[in-house]
file entry.txt (compact mmCIF, C-alpha atoms (C1' of nucleotides))
# COMPACT_ATOMS: atom_id res chain seq x y z
CA MET A 4 -18.43 15.00 -30.66
CA ASN A 5 -18.46 11.59 -29.10
CA THR A 6 -20.81 12.18 -26.19
CA ASP A 7 -22.97 9.10 -26.67
CA GLN A 8 -20.39 7.05 -24.83
CA LEU A 9 -20.72 9.31 -21.80
CA ILE A 10 -24.51 9.32 -21.95
CA ASP A 11 -24.47 5.52 -22.14
CA HIS A 12 -22.18 5.47 -19.15
CA PHE A 13 -24.62 7.54 -17.09
CA SER A 14 -27.51 5.36 -18.14
CA ASN A 15 -25.96 2.59 -16.02
CA TYR A 16 -26.86 4.74 -13.04
CA LEU A 17 -29.97 6.78 -13.81
CA PRO A 18 -30.70 7.51 -17.50
CA LEU A 19 -30.69 11.17 -18.47
CA LYS A 20 -33.69 13.01 -19.85
CA PRO A 21 -33.33 14.97 -23.11
CA GLN A 22 -33.07 18.23 -21.22
CA GLU A 23 -30.30 16.87 -19.02
CA ILE A 24 -28.46 15.42 -21.98
CA GLU A 25 -28.61 18.79 -23.65
CA ALA A 26 -27.22 20.52 -20.55
CA LEU A 27 -24.43 17.96 -20.26
CA VAL A 28 -23.44 17.92 -23.92
CA SER A 29 -23.23 21.67 -24.12
CA ARG A 30 -20.83 21.78 -21.17
CA VAL A 31 -18.45 19.01 -22.14
CA LYS A 32 -15.23 19.59 -24.08
CA GLU A 33 -13.60 16.94 -26.21
CA ARG A 34 -9.79 16.78 -26.37
CA ARG A 35 -7.27 14.60 -28.11
CA ILE A 36 -4.22 13.83 -25.95
CA LYS A 37 -0.83 12.51 -27.03
CA ARG A 38 1.13 9.77 -25.37
CA ARG A 39 3.11 11.21 -22.42
CA GLN A 40 1.03 14.38 -22.42
CA PHE A 41 -0.18 15.67 -19.04
CA ILE A 42 -3.71 16.76 -18.24
CA LEU A 43 -2.66 17.69 -14.70
CA GLN A 44 0.74 18.55 -13.27
CA GLU A 45 1.94 19.09 -9.72
CA ASN A 46 1.23 22.61 -8.40
CA ASP A 47 -1.44 23.28 -11.00
CA VAL A 48 -4.99 23.61 -9.74
CA CYS A 49 -7.10 20.85 -11.23
CA GLN A 50 -9.72 22.54 -13.41
CA HIS A 51 -11.77 19.69 -14.76
CA ILE A 52 -13.02 16.19 -14.31
CA THR A 53 -12.08 13.86 -17.17
CA PHE A 54 -14.00 11.03 -18.76
CA VAL A 55 -11.86 8.70 -20.89
CA LEU A 56 -13.34 7.80 -24.28
CA ALA A 57 -10.21 6.01 -25.50
CA GLY A 58 -6.67 5.51 -24.29
CA CYS A 59 -5.24 5.08 -20.82
CA PHE A 60 -4.03 7.43 -18.10
CA LYS A 61 -2.12 7.17 -14.86
CA MET A 62 -2.39 9.49 -11.87
CA TYR A 63 0.63 9.52 -9.59
CA GLY A 64 2.52 11.41 -6.92
CA VAL A 65 6.27 11.96 -6.90
CA ASP A 66 8.17 11.52 -3.63
CA ALA A 67 11.20 13.34 -2.25
CA LYS A 68 13.55 10.98 -4.10
CA GLY A 69 11.80 11.64 -7.41
CA LYS A 70 10.05 8.30 -7.57
CA GLU A 71 6.57 8.00 -9.04
CA HIS A 72 3.80 6.23 -7.13
CA ASN A 73 0.72 5.33 -9.16
CA LEU A 74 -2.53 6.12 -7.42
CA GLN A 75 -4.89 5.22 -10.22
CA PHE A 76 -5.18 4.09 -13.81
CA ALA A 77 -8.11 5.15 -15.99
CA ALA A 78 -9.01 3.56 -19.32
CA GLU A 79 -12.17 3.66 -21.47
CA ASN A 80 -15.34 4.76 -19.66
CA ASP A 81 -13.55 5.61 -16.47
CA TRP A 82 -13.25 8.98 -14.73
CA ILE A 83 -10.06 10.58 -13.53
CA VAL A 84 -9.63 13.73 -11.45
CA ASP A 85 -7.85 15.07 -8.39
CA PHE A 86 -10.96 15.86 -6.33
CA ALA A 87 -8.96 17.51 -3.56
CA SER A 88 -7.50 20.03 -5.98
CA LEU A 89 -10.64 20.49 -8.08
CA TYR A 90 -12.99 21.24 -5.21
CA LYS A 91 -10.70 23.06 -2.82
CA GLU A 92 -9.05 24.94 -5.68
CA LYS A 93 -5.66 24.16 -4.23
CA PRO A 94 -2.45 23.27 -6.10
CA SER A 95 -2.39 19.57 -6.85
CA LYS A 96 0.24 17.21 -5.54
CA LEU A 97 -0.42 14.82 -8.40
CA TYR A 98 0.21 14.26 -12.09
CA ILE A 99 -2.22 12.81 -14.61
CA GLU A 100 -0.42 11.58 -17.72
CA ALA A 101 -1.55 9.75 -20.86
CA MET A 102 0.15 6.39 -21.29
CA GLU A 103 -1.36 5.98 -24.76
CA PRO A 104 -2.77 8.43 -27.30
CA ALA A 105 -6.17 9.28 -25.89
CA LEU A 106 -9.52 10.89 -26.53
CA ILE A 107 -11.29 12.44 -23.56
CA LEU A 108 -14.25 14.53 -22.47
CA GLN A 109 -13.73 17.17 -19.82
CA ILE A 110 -16.11 19.14 -17.64
CA PHE A 111 -14.70 22.30 -16.11
CA ARG A 112 -15.33 23.16 -12.47
CA ASP A 113 -17.93 25.83 -13.07
CA ASP A 114 -19.79 23.73 -15.60
CA LEU A 115 -19.80 20.84 -13.16
CA TYR A 116 -21.19 23.11 -10.42
CA TYR A 117 -23.81 24.34 -12.86
CA LEU A 118 -24.88 20.79 -13.61
CA TYR A 119 -25.04 19.94 -9.89
CA ASP A 120 -27.16 23.01 -9.24
CA LYS A 121 -29.59 22.95 -12.13
CA HIS A 122 -29.98 19.24 -12.77
CA THR A 123 -30.06 17.24 -9.60
CA VAL A 124 -29.68 13.98 -11.49
CA PHE A 125 -25.97 14.72 -11.71
CA ASN A 126 -25.69 14.77 -7.95
CA ARG A 127 -27.17 11.33 -7.96
CA ASN A 128 -25.08 9.96 -10.78
CA PHE A 129 -21.81 11.37 -9.52
CA ARG A 130 -22.66 10.23 -6.01
CA ILE A 131 -22.97 6.68 -7.28
CA MET A 132 -19.82 7.03 -9.37
CA VAL A 133 -17.81 8.18 -6.38
CA GLU A 134 -19.31 5.55 -4.11
CA ASN A 135 -18.15 2.86 -6.53
CA LYS A 136 -14.69 4.33 -6.66
CA TYR A 137 -14.69 4.54 -2.87
CA ILE A 138 -15.50 0.84 -2.60
CA GLU A 139 -12.64 -0.01 -4.95
CA LEU A 140 -10.22 2.17 -3.04
CA GLN A 141 -11.29 0.66 0.26
CA ASN A 142 -10.58 -2.82 -1.04
CA ARG A 143 -7.19 -1.62 -2.14
CA VAL A 144 -6.38 -0.20 1.29
CA LEU A 145 -7.37 -3.47 2.92
CA GLN A 146 -5.09 -5.32 0.49
CA ASN A 147 -2.25 -2.91 1.18
CA ILE A 148 -2.37 -3.23 4.94
CA SER A 149 -3.04 -6.95 5.08
CA SER A 150 -1.07 -8.73 2.38
CA THR A 151 2.36 -9.15 0.83
CA GLY A 152 3.52 -7.80 -2.50
CA GLN A 153 3.00 -11.18 -4.09
CA GLU A 154 -0.57 -11.43 -2.86
CA ARG A 155 -1.34 -7.90 -4.04
CA TYR A 156 0.06 -8.74 -7.45
CA GLU A 157 -2.09 -11.87 -7.74
CA ALA A 158 -5.15 -9.86 -6.70
CA PHE A 159 -4.35 -7.18 -9.26
CA LEU A 160 -4.09 -9.73 -12.08
CA GLU A 161 -7.42 -11.17 -11.06
CA GLN A 162 -9.24 -7.88 -10.59
CA TYR A 163 -7.86 -6.09 -13.66
CA PRO A 164 -6.97 -8.75 -16.24
CA VAL A 165 -7.31 -6.34 -19.16
CA LEU A 166 -5.25 -3.58 -17.60
CA SER A 167 -2.63 -6.15 -16.59
CA ASN A 168 -1.88 -6.85 -20.24
CA ARG A 169 -1.98 -3.24 -21.24
CA LEU A 170 0.42 -1.89 -18.63
CA SER A 171 4.14 -2.39 -18.24
CA ASN A 172 5.27 -4.25 -15.15
CA THR A 173 7.04 -1.13 -13.99
CA GLN A 174 3.71 0.70 -13.89
CA ILE A 175 2.01 -2.16 -12.08
CA ALA A 176 4.82 -2.33 -9.52
CA SER A 177 4.44 1.39 -8.84
CA TYR A 178 0.69 0.89 -8.31
CA LEU A 179 1.25 -2.02 -5.94
CA GLY A 180 3.82 -0.13 -3.90
CA ILE A 181 6.80 -2.36 -4.69
CA THR A 182 9.93 -1.91 -6.81
CA PRO A 183 10.07 -3.19 -10.40
CA GLU A 184 12.94 -5.48 -9.41
CA PHE A 185 10.92 -7.07 -6.67
CA LEU A 186 7.94 -7.56 -8.97
CA SER A 187 10.27 -9.26 -11.41
CA LYS A 188 11.31 -11.70 -8.68
CA ILE A 189 7.70 -12.35 -7.78
CA ARG A 190 7.01 -13.17 -11.43
CA ALA A 191 10.01 -15.51 -11.59
CA ASP A 192 8.77 -17.38 -8.49
CA ARG A 193 5.28 -17.70 -9.97
CA LYS A 194 6.64 -19.42 -13.07
CA LEU A 195 8.31 -22.17 -11.07
CA LYS A 196 4.92 -23.66 -10.27
CA MET B 27 -33.93 12.13 19.87
CA ASN B 28 -30.65 13.82 19.21
CA THR B 29 -31.05 14.69 15.55
CA ASP B 30 -29.85 18.29 15.77
CA GLN B 31 -26.29 17.11 15.62
CA LEU B 32 -26.97 15.39 12.30
CA ILE B 33 -28.84 18.38 10.90
CA ASP B 34 -25.94 20.61 11.91
CA HIS B 35 -23.59 18.23 10.19
CA PHE B 36 -25.50 18.48 6.92
CA SER B 37 -25.62 22.24 7.14
CA ASN B 38 -21.87 22.21 6.49
CA TYR B 39 -22.74 21.01 3.03
CA LEU B 40 -26.13 22.40 2.01
CA PRO B 41 -28.55 23.32 4.83
CA LEU B 42 -31.78 21.37 4.92
CA LYS B 43 -35.22 22.91 4.53
CA PRO B 44 -37.90 22.17 7.14
CA GLN B 45 -39.54 19.65 4.87
CA GLU B 46 -36.26 17.83 4.32
CA ILE B 47 -35.47 17.87 8.02
CA GLU B 48 -38.87 16.36 8.69
CA ALA B 49 -38.27 13.60 6.14
CA LEU B 50 -34.83 12.86 7.55
CA VAL B 51 -35.82 12.89 11.22
CA SER B 52 -38.75 10.56 10.66
CA ARG B 53 -36.46 7.99 8.99
CA VAL B 54 -33.57 7.98 11.42
CA LYS B 55 -33.29 5.53 14.31
CA GLU B 56 -31.31 6.27 17.44
CA ARG B 57 -29.43 3.43 19.13
CA ARG B 58 -27.26 3.11 22.17
CA ILE B 59 -24.32 0.74 21.64
CA LYS B 60 -22.10 -0.89 24.24
CA ARG B 61 -18.36 -1.17 24.14
CA ARG B 62 -17.32 -4.19 22.01
CA GLN B 63 -20.79 -4.45 20.50
CA PHE B 64 -20.99 -4.97 16.74
CA ILE B 65 -23.20 -3.02 14.38
CA LEU B 66 -21.97 -5.15 11.46
CA GLN B 67 -20.44 -8.63 11.38
CA GLU B 68 -18.84 -10.63 8.60
CA ASN B 69 -21.37 -12.43 6.39
CA ASP B 70 -24.23 -10.19 7.46
CA VAL B 71 -25.67 -7.87 4.85
CA CYS B 72 -25.12 -4.28 5.91
CA GLN B 73 -28.60 -2.78 6.43
CA HIS B 74 -27.88 0.80 7.41
CA ILE B 75 -25.59 3.73 7.26
CA THR B 76 -24.50 4.98 10.67
CA PHE B 77 -23.87 8.48 11.93
CA VAL B 78 -21.90 8.65 15.18
CA LEU B 79 -23.29 11.03 17.79
CA ALA B 80 -20.90 9.93 20.53
CA GLY B 81 -18.31 7.20 20.99
CA CYS B 82 -15.90 5.61 18.58
CA PHE B 83 -16.04 2.70 16.13
CA LYS B 84 -13.61 0.67 14.09
CA MET B 85 -14.31 -1.12 10.83
CA TYR B 86 -11.98 -3.97 10.02
CA GLY B 87 -11.43 -7.13 8.00
CA VAL B 88 -10.07 -10.39 9.39
CA ASP B 89 -7.47 -12.31 7.35
CA ALA B 90 -6.87 -16.04 6.98
CA LYS B 91 -4.67 -16.06 10.09
CA GLY B 92 -7.38 -14.41 12.16
CA LYS B 93 -5.68 -11.02 12.32
CA GLU B 94 -7.72 -7.83 12.26
CA HIS B 95 -6.90 -5.03 9.83
CA ASN B 96 -8.47 -1.67 10.57
CA LEU B 97 -9.93 0.04 7.55
CA GLN B 98 -11.50 2.99 9.26
CA PHE B 99 -12.23 4.65 12.58
CA ALA B 100 -15.34 6.78 13.11
CA ALA B 101 -15.90 9.11 16.04
CA GLU B 102 -18.36 11.96 16.66
CA ASN B 103 -19.99 13.42 13.54
CA ASP B 104 -18.49 10.84 11.24
CA TRP B 105 -20.26 8.25 9.10
CA ILE B 106 -19.50 4.57 8.97
CA VAL B 107 -20.89 1.94 6.62
CA ASP B 108 -19.84 -0.90 4.33
CA PHE B 109 -21.08 0.61 1.06
CA ALA B 110 -20.28 -2.51 -0.93
CA SER B 111 -22.54 -4.62 1.26
CA LEU B 112 -25.26 -1.98 1.76
CA TYR B 113 -25.79 -1.20 -1.91
CA LYS B 114 -25.14 -4.58 -3.48
CA GLU B 115 -26.99 -6.37 -0.69
CA LYS B 116 -24.18 -8.86 -0.44
CA PRO B 117 -22.71 -10.43 2.72
CA SER B 118 -20.11 -8.14 4.20
CA LYS B 119 -16.47 -9.08 4.61
CA LEU B 120 -16.09 -6.54 7.40
CA TYR B 121 -16.87 -5.91 11.04
CA ILE B 122 -17.93 -2.63 12.62
CA GLU B 123 -17.39 -2.64 16.36
CA ALA B 124 -17.78 -0.02 19.08
CA MET B 125 -14.53 0.74 20.88
CA GLU B 126 -16.36 2.88 23.44
CA PRO B 127 -19.98 3.07 24.58
CA ALA B 128 -21.68 4.93 21.79
CA LEU B 129 -24.79 6.73 20.66
CA ILE B 130 -25.62 6.57 16.98
CA LEU B 131 -28.22 7.42 14.37
CA GLN B 132 -28.94 4.89 11.65
CA ILE B 133 -30.72 5.12 8.33
CA PHE B 134 -31.88 1.82 6.86
CA ARG B 135 -31.35 1.05 3.19
CA ASP B 136 -34.94 1.64 2.08
CA ASP B 137 -35.21 4.85 4.04
CA LEU B 138 -31.97 6.04 2.50
CA TYR B 139 -33.29 5.23 -0.98
CA TYR B 140 -36.49 7.07 -0.15
CA LEU B 141 -34.53 10.16 0.86
CA TYR B 142 -32.42 9.97 -2.32
CA ASP B 143 -35.56 9.70 -4.43
CA LYS B 144 -37.83 12.23 -2.84
CA HIS B 145 -35.39 14.86 -1.62
CA THR B 146 -32.57 15.42 -4.03
CA VAL B 147 -30.63 17.44 -1.49
CA PHE B 148 -29.54 14.15 0.05
CA ASN B 149 -27.90 13.10 -3.18
CA ARG B 150 -25.93 16.28 -3.05
CA ASN B 151 -25.01 16.06 0.61
CA PHE B 152 -24.04 12.42 0.51
CA ARG B 153 -22.13 13.00 -2.72
CA ILE B 154 -20.01 15.59 -0.94
CA MET B 155 -19.64 13.38 2.11
CA VAL B 156 -18.35 10.48 0.02
CA GLU B 157 -16.09 12.73 -2.04
CA ASN B 158 -14.44 13.90 1.15
CA LYS B 159 -13.98 10.37 2.35
CA TYR B 160 -12.60 9.44 -1.06
CA ILE B 161 -9.99 12.19 -0.84
CA GLU B 162 -8.94 10.95 2.59
CA LEU B 163 -8.65 7.37 1.39
CA GLN B 164 -6.66 8.41 -1.64
CA ASN B 165 -4.15 10.19 0.57
CA ARG B 166 -3.92 7.07 2.66
CA VAL B 167 -3.24 4.86 -0.36
CA LEU B 168 -0.49 7.21 -1.49
CA GLN B 169 1.04 7.06 1.99
CA ASN B 170 0.78 3.29 2.02
CA ILE B 171 2.54 2.76 -1.29
CA SER B 172 5.17 5.45 -0.89
CA SER B 173 6.38 5.57 2.70
CA THR B 174 7.69 3.50 5.59
CA GLY B 175 5.82 2.48 8.71
CA GLN B 176 7.54 5.21 10.66
CA GLU B 177 6.54 7.89 8.17
CA ARG B 178 2.95 6.66 8.12
CA TYR B 179 2.86 6.79 11.91
CA GLU B 180 4.15 10.37 11.98
CA ALA B 181 1.57 11.35 9.37
CA PHE B 182 -1.19 9.69 11.36
CA LEU B 183 -0.26 11.58 14.52
CA GLU B 184 -0.31 14.82 12.60
CA GLN B 185 -3.53 14.18 10.70
CA TYR B 186 -5.53 12.70 13.58
CA PRO B 187 -4.09 14.12 16.81
CA VAL B 188 -7.34 13.59 18.73
CA LEU B 189 -7.86 10.02 17.57
CA SER B 190 -4.20 9.28 18.32
CA ASN B 191 -4.79 9.88 22.01
CA ARG B 192 -8.05 8.04 22.07
CA LEU B 193 -6.90 4.83 20.39
CA SER B 194 -4.60 2.13 21.66
CA ASN B 195 -1.34 1.68 19.80
CA THR B 196 -2.44 -1.78 18.78
CA GLN B 197 -5.41 -0.26 16.96
CA ILE B 198 -3.24 2.36 15.30
CA ALA B 199 -0.73 -0.28 14.21
CA SER B 200 -3.50 -2.31 12.64
CA TYR B 201 -4.68 0.78 10.76
CA LEU B 202 -1.18 1.57 9.53
CA GLY B 203 -0.57 -1.97 8.36
CA ILE B 204 2.25 -2.83 10.76
CA THR B 205 2.51 -5.09 13.80
CA PRO B 206 2.05 -3.69 17.32
CA GLU B 207 5.59 -4.83 18.14
CA PHE B 208 7.03 -2.87 15.27
CA LEU B 209 5.04 0.24 16.20
CA SER B 210 6.43 -0.09 19.70
CA LYS B 211 9.93 -0.04 18.28
CA ILE B 212 9.13 2.99 16.16
CA ARG B 213 7.91 4.77 19.28
CA ALA B 214 11.05 3.82 21.19
CA ASP B 215 13.21 5.24 18.39
CA ARG B 216 11.22 8.49 18.35
CA LYS B 217 11.87 9.07 22.04
CA LEU B 218 15.65 8.98 21.57
CA LYS B 219 15.50 12.36 19.84
C1' DC C 10 -7.45 -5.85 44.27
C1' DG C 11 -6.80 -9.14 40.50
C1' DA C 12 -7.35 -10.81 35.77
C1' DA C 13 -6.93 -9.57 31.20
C1' DA C 14 -5.13 -6.80 27.79
C1' DA C 15 -1.64 -3.66 26.00
C1' DT C 16 3.02 -2.49 25.60
C1' DT C 17 7.81 -3.28 25.53
C1' DT C 18 12.03 -5.77 24.57
C1' DG C 19 15.19 -9.04 22.35
C1' DA C 20 16.68 -12.72 19.13
C1' DC C 21 15.93 -14.33 14.91
C1' DA C 22 13.59 -14.94 10.29
C1' DT C 23 11.66 -13.14 6.08
C1' DG C 24 10.05 -9.50 2.92
C1' DA C 25 11.43 -5.96 0.25
C1' DC C 26 14.84 -2.44 -1.38
C1' DT C 27 19.29 -0.88 -3.56
C1' DC C 28 22.63 -0.98 -6.82
C1' DA C 29 24.92 -2.77 -10.53
C1' DA C 30 25.37 -5.82 -14.26
C1' DC C 31 23.29 -8.37 -17.75
C1' DT C 32 19.56 -9.86 -21.25
C1' DG C 33 16.51 -9.40 -24.83
C1' DG C 34 13.29 -7.40 -27.66
C1' DA C 35 11.39 -2.99 -30.35
C1' DG C 36 12.37 0.70 -32.97
C1' DT C 37 15.57 3.42 -36.13
C1' DG C 38 18.69 4.60 -39.53
C1' DG C 39 22.01 3.07 -42.78
C1' DC D 4 18.67 -6.84 -43.96
C1' DC D 5 21.89 -5.56 -40.57
C1' DA D 6 23.94 -2.87 -36.76
C1' DC D 7 22.85 0.10 -33.20
C1' DT D 8 20.56 2.03 -29.44
C1' DC D 9 17.34 2.19 -25.91
C1' DC D 10 14.45 0.73 -22.49
C1' DA D 11 11.89 -2.72 -19.88
C1' DG D 12 12.79 -6.68 -17.63
C1' DT D 13 15.82 -9.97 -15.13
C1' DT D 14 19.29 -11.61 -11.89
C1' DG D 15 22.36 -11.61 -7.89
C1' DA D 16 24.72 -9.84 -3.68
C1' DG D 17 24.29 -7.21 0.12
C1' DT D 18 21.39 -4.38 3.22
C1' DC D 19 17.46 -2.47 5.55
C1' DA D 20 12.56 -2.73 6.97
C1' DT D 21 9.35 -5.32 9.09
C1' DG D 22 7.40 -9.68 10.91
C1' DT D 23 7.40 -13.67 14.30
C1' DC D 24 7.65 -15.59 18.59
C1' DA D 25 8.38 -15.60 23.38
C1' DA D 26 9.01 -13.44 27.74
C1' DA D 27 8.85 -9.56 30.92
C1' DT D 28 6.45 -5.42 32.35
C1' DT D 29 2.90 -2.07 32.63
C1' DT D 30 -1.73 -0.49 32.18
C1' DT D 31 -6.63 -0.98 32.12
C1' DC D 32 -10.86 -2.05 33.83
C1' DG D 33 -14.20 -5.04 35.90
call {"tool": "encode", "arguments": {"input": "entry.txt", "output": "structure tokens"}}
result
Amino acid sequence: MNTDQLIDHFSNYLPLKPQEIEALVSRVKERRIKRRQFILQENDVCQHITFVLAGCFKMYGVDAKGKEHNLQFAAENDWIVDFASLYKEKPSKLYIEAMEPALILQIFRDDLYYLYDKHTVFNRNFRIMVENKYIELQNRVLQNISSTGQERYEAFLEQYPVLSNRLSNTQIASYLGITPEFLSKIRADRKLK
Amino acid sequence: MNTDQLIDHFSNYLPLKPQEIEALVSRVKERRIKRRQFILQENDVCQHITFVLAGCFKMYGVDAKGKEHNLQFAAENDWIVDFASLYKEKPSKLYIEAMEPALILQIFRDDLYYLYDKHTVFNRNFRIMVENKYIELQNRVLQNISSTGQERYEAFLEQYPVLSNRLSNTQIASYLGITPEFLSKIRADRKLK
DNA sequence: CGAAAATTTGACATGACTCAACTGGAGTGG
DNA sequence: CCACTCCAGTTGAGTCATGTCAAATTTTCG
């Protein structure tokens, strides 16, 4: 099982001791996911936190008109989960879907709680992980409330150059909170310069 | 010093043992803050995390045109901090300003690190605190990218009824990402029903 | 009370959406 | 190798959401 990648990832925060690695490895499940396959669907209770080894996911909500709104993308070495559903054990309002064939590691709720309880290093490492995601999300909110679609698109290209090439414009538009048509017009305007 | 309120707050997560309380109390500073006083200004490096005992703060960024955009409010028993600046020790892009006379507790960076290192319970409690804030922010992003100003205003009133009464409409508009004039029109429309 | 700030209102401008039609690859099967 | 389909992307016309600016009014607070 490909757990080295996860252990490496944690070593960016606080490296794990052999005992902690052992505890982690024995509680992680590897899964292979097909393109368009879901690892979370609306109304299901989210059961696990997912670490992406390979591939790319989107997490999104669907509004009353049936439109998808992308909350997050997750590619290699990123985490994806609906915390609200996982921790409160309530039906999720979100979907998590693979946009490419993927390989993932998952930790189920009880295993995660076990790790938090018995090996405090995971509290530290996940604290730092969430703090980093919080910072990112906060920047995104500031963007959303303070700038136009065009400015948000420019900022996205700059902040996520790799993802920008990997994702369709439709997916990017949904993430930015604009329609694909409007993004297309933004792109046409950009070219004129 | 009014630390009981903070200790109570943590007991919602995982109650603190006497030794942990002692460590926390000895590293917390109480401050009285006047209306319109700043506890963080742009270009300063954020030095502490703040717990609000009484009063109300706003954290905001200022754009190229000099307009303020409210990222967060914090009233009693809430935390407020620019994590990006605190942890990376980089100049902040944000302001944190008291909207009412306030009483706060602050933990400086090194004291916070000490608590994380020596008393792992703080990793756990702050992990949970940040996770909860992350969930809130995620809901806000979904709102921002999927609904109109009017819908976001309705949702705000429902989610934060107390804050709604306490804040001026200008402040709420800035938080929602609309102009005060447009919020005023939304409010006029609502009354017609 | 009086100054400053917040709110409202209206006319107009711009950003962004909708819908429908068109374009141009990327598979797929013959 | 071609013909076909399918889907993402583009384009344009019309519309709706929201911003700008200025002025009038109300509220807040020193």
call {"tool": "closest_atom_pairs", "arguments": {"input": "entry.txt", "of": "chain B", "to": "chain C", "cutoff": "12 Å", "atoms": "only C-alpha atoms (C1' of nucleotides)", "output": "JSON lines"}}
result
{"residue": "B:Thr174", "atom": "CA", "partner": "C:DA25", "partner_atom": "C1'", "distance": 11.5}
{"residue": "B:Leu193", "atom": "CA", "partner": "C:DA15", "partner_atom": "C1'", "distance": 11.5}
{"residue": "B:Ser194", "atom": "CA", "partner": "C:DA15", "partner_atom": "C1'", "distance": 7.8}
{"residue": "B:Asn195", "atom": "CA", "partner": "C:DA15", "partner_atom": "C1'", "distance": 8.2}
{"residue": "B:Thr196", "atom": "CA", "partner": "C:DA15", "partner_atom": "C1'", "distance": 7.5}
{"residue": "B:Gln197", "atom": "CA", "partner": "C:DA15", "partner_atom": "C1'", "distance": 10.4}
{"residue": "B:Pro206", "atom": "CA", "partner": "C:DT16", "partner_atom": "C1'", "distance": 8.4}
{"residue": "B:Glu207", "atom": "CA", "partner": "C:DT17", "partner_atom": "C1'", "distance": 7.9}
{"residue": "B:Phe208", "atom": "CA", "partner": "C:DT17", "partner_atom": "C1'", "distance": 10.3}
{"residue": "B:Leu209", "atom": "CA", "partner": "C:DT16", "partner_atom": "C1'", "distance": 10.0}
{"residue": "B:Ser210", "atom": "CA", "partner": "C:DT17", "partner_atom": "C1'", "distance": 6.8}
{"residue": "B:Lys211", "atom": "CA", "partner": "C:DT17", "partner_atom": "C1'", "distance": 8.2}
{"residue": "B:Ile212", "atom": "CA", "partner": "C:DT17", "partner_atom": "C1'", "distance": 11.4}
{"residue": "B:Arg213", "atom": "CA", "partner": "C:DT17", "partner_atom": "C1'", "distance": 10.2}
{"residue": "B:Ala214", "atom": "CA", "partner": "C:DT17", "partner_atom": "C1'", "distance": 8.9}
call {"tool": "atom_distance", "arguments": {"input": "entry.txt", "atom1": "atom CA of B:His95", "atom2": "atom CA of A:Ser150"}}
result
10.2 Å
call {"tool": "residues_around", "arguments": {"input": "entry.txt", "residues": "stretch 123-138 of chain A", "least_positions_apart": "2", "cutoff": "6 Å", "atoms": "all atoms listed in the file", "output": "list in words"}}
result
Tyr16, Tyr119, Leu140 and Gln141 of chain A; Asn149, Arg150, Arg153 and Tyr160 of chain B
call {"tool": "atom_distance", "arguments": {"input": "entry.txt", "atom1": "atom CA of A:Val48", "atom2": "atom CA of A:Phe76"}}
result
19.9 Å
call {"tool": "interface_residues", "arguments": {"input": "entry.txt", "of": "chain D", "to": "chain B", "cutoff": "10 Å", "atoms": "all atoms listed in the file", "output": "PyMOL selection string"}}
result
chain D and resi 20-23
call {"tool": "write_last_selection", "arguments": {"input": "entry.txt", "atoms": "C-alpha atoms (C1' of nucleotides)", "output": "mmCIF file, in the coordinates of the input"}}
result
data_model
loop_
_atom_site.group_PDB
_atom_site.id
_atom_site.type_symbol
_atom_site.label_atom_id
_atom_site.label_comp_id
_atom_site.auth_asym_id
_atom_site.auth_seq_id
_atom_site.Cartn_x
_atom_site.Cartn_y
_atom_site.Cartn_z
ATOM 1 C "C1'" DA D 20 12.560 -2.730 6.970
ATOM 2 C "C1'" DT D 21 9.350 -5.320 9.090
ATOM 3 C "C1'" DG D 22 7.400 -9.680 10.910
ATOM 4 C "C1'" DT D 23 7.400 -13.670 14.300
#
call {"tool": "atom_distance", "arguments": {"input": "entry.txt", "atom1": "atom CA of A:Ala78", "atom2": "atom CA of A:Ile99"}}
result
12.4 Å
call {"tool": "closest_residue", "arguments": {"input": "entry.txt", "among": "B:Tyr121, B:Phe109, B:Phe83, B:Phe36", "to": "chain A", "atoms": "only C-alpha atoms"}}
result
B:Phe109
call {"tool": "residues_near_point", "arguments": {"input": "entry.txt", "point": "(-5.2, -6.3, -8.8)", "cutoff": "12 Å", "atoms": "all atoms listed in the file", "output": "NGL selection string"}}
result
:A and (75-76 or 139-140 or 142-144 or 146-147 or 152-168 or 175-176 or 178-180)
call {"tool": "closest_residue", "arguments": {"input": "entry.txt", "among": "A:Lys20, A:Arg35, A:His51, A:Lys91", "to": "chain B", "atoms": "all atoms listed in the file"}}
result
A:Lys91
call {"tool": "residues_around", "arguments": {"input": "entry.txt", "residues": "B:Gln132", "least_positions_apart": "4", "cutoff": "9 Å", "atoms": "only C-alpha atoms (C1' of nucleotides)", "output": "list in words"}}
result
Arg53, Val54, Lys55, Glu56, Arg57, His74, Ile75, Thr76, Phe77 and Val78 of chain B
call {"tool": "closest_residue", "arguments": {"input": "entry.txt", "among": "B:Asp143, B:Glu68, B:Asp136, B:Asp30", "to": "chain A", "atoms": "all atoms listed in the file"}}
result
B:Asp143
call {"tool": "closest_residue", "arguments": {"input": "entry.txt", "among": "B:Gln31, B:Ser172, B:Gln63, B:Ser200", "to": "A:Lys68", "atoms": "only C-alpha atoms"}}
result
B:Ser172
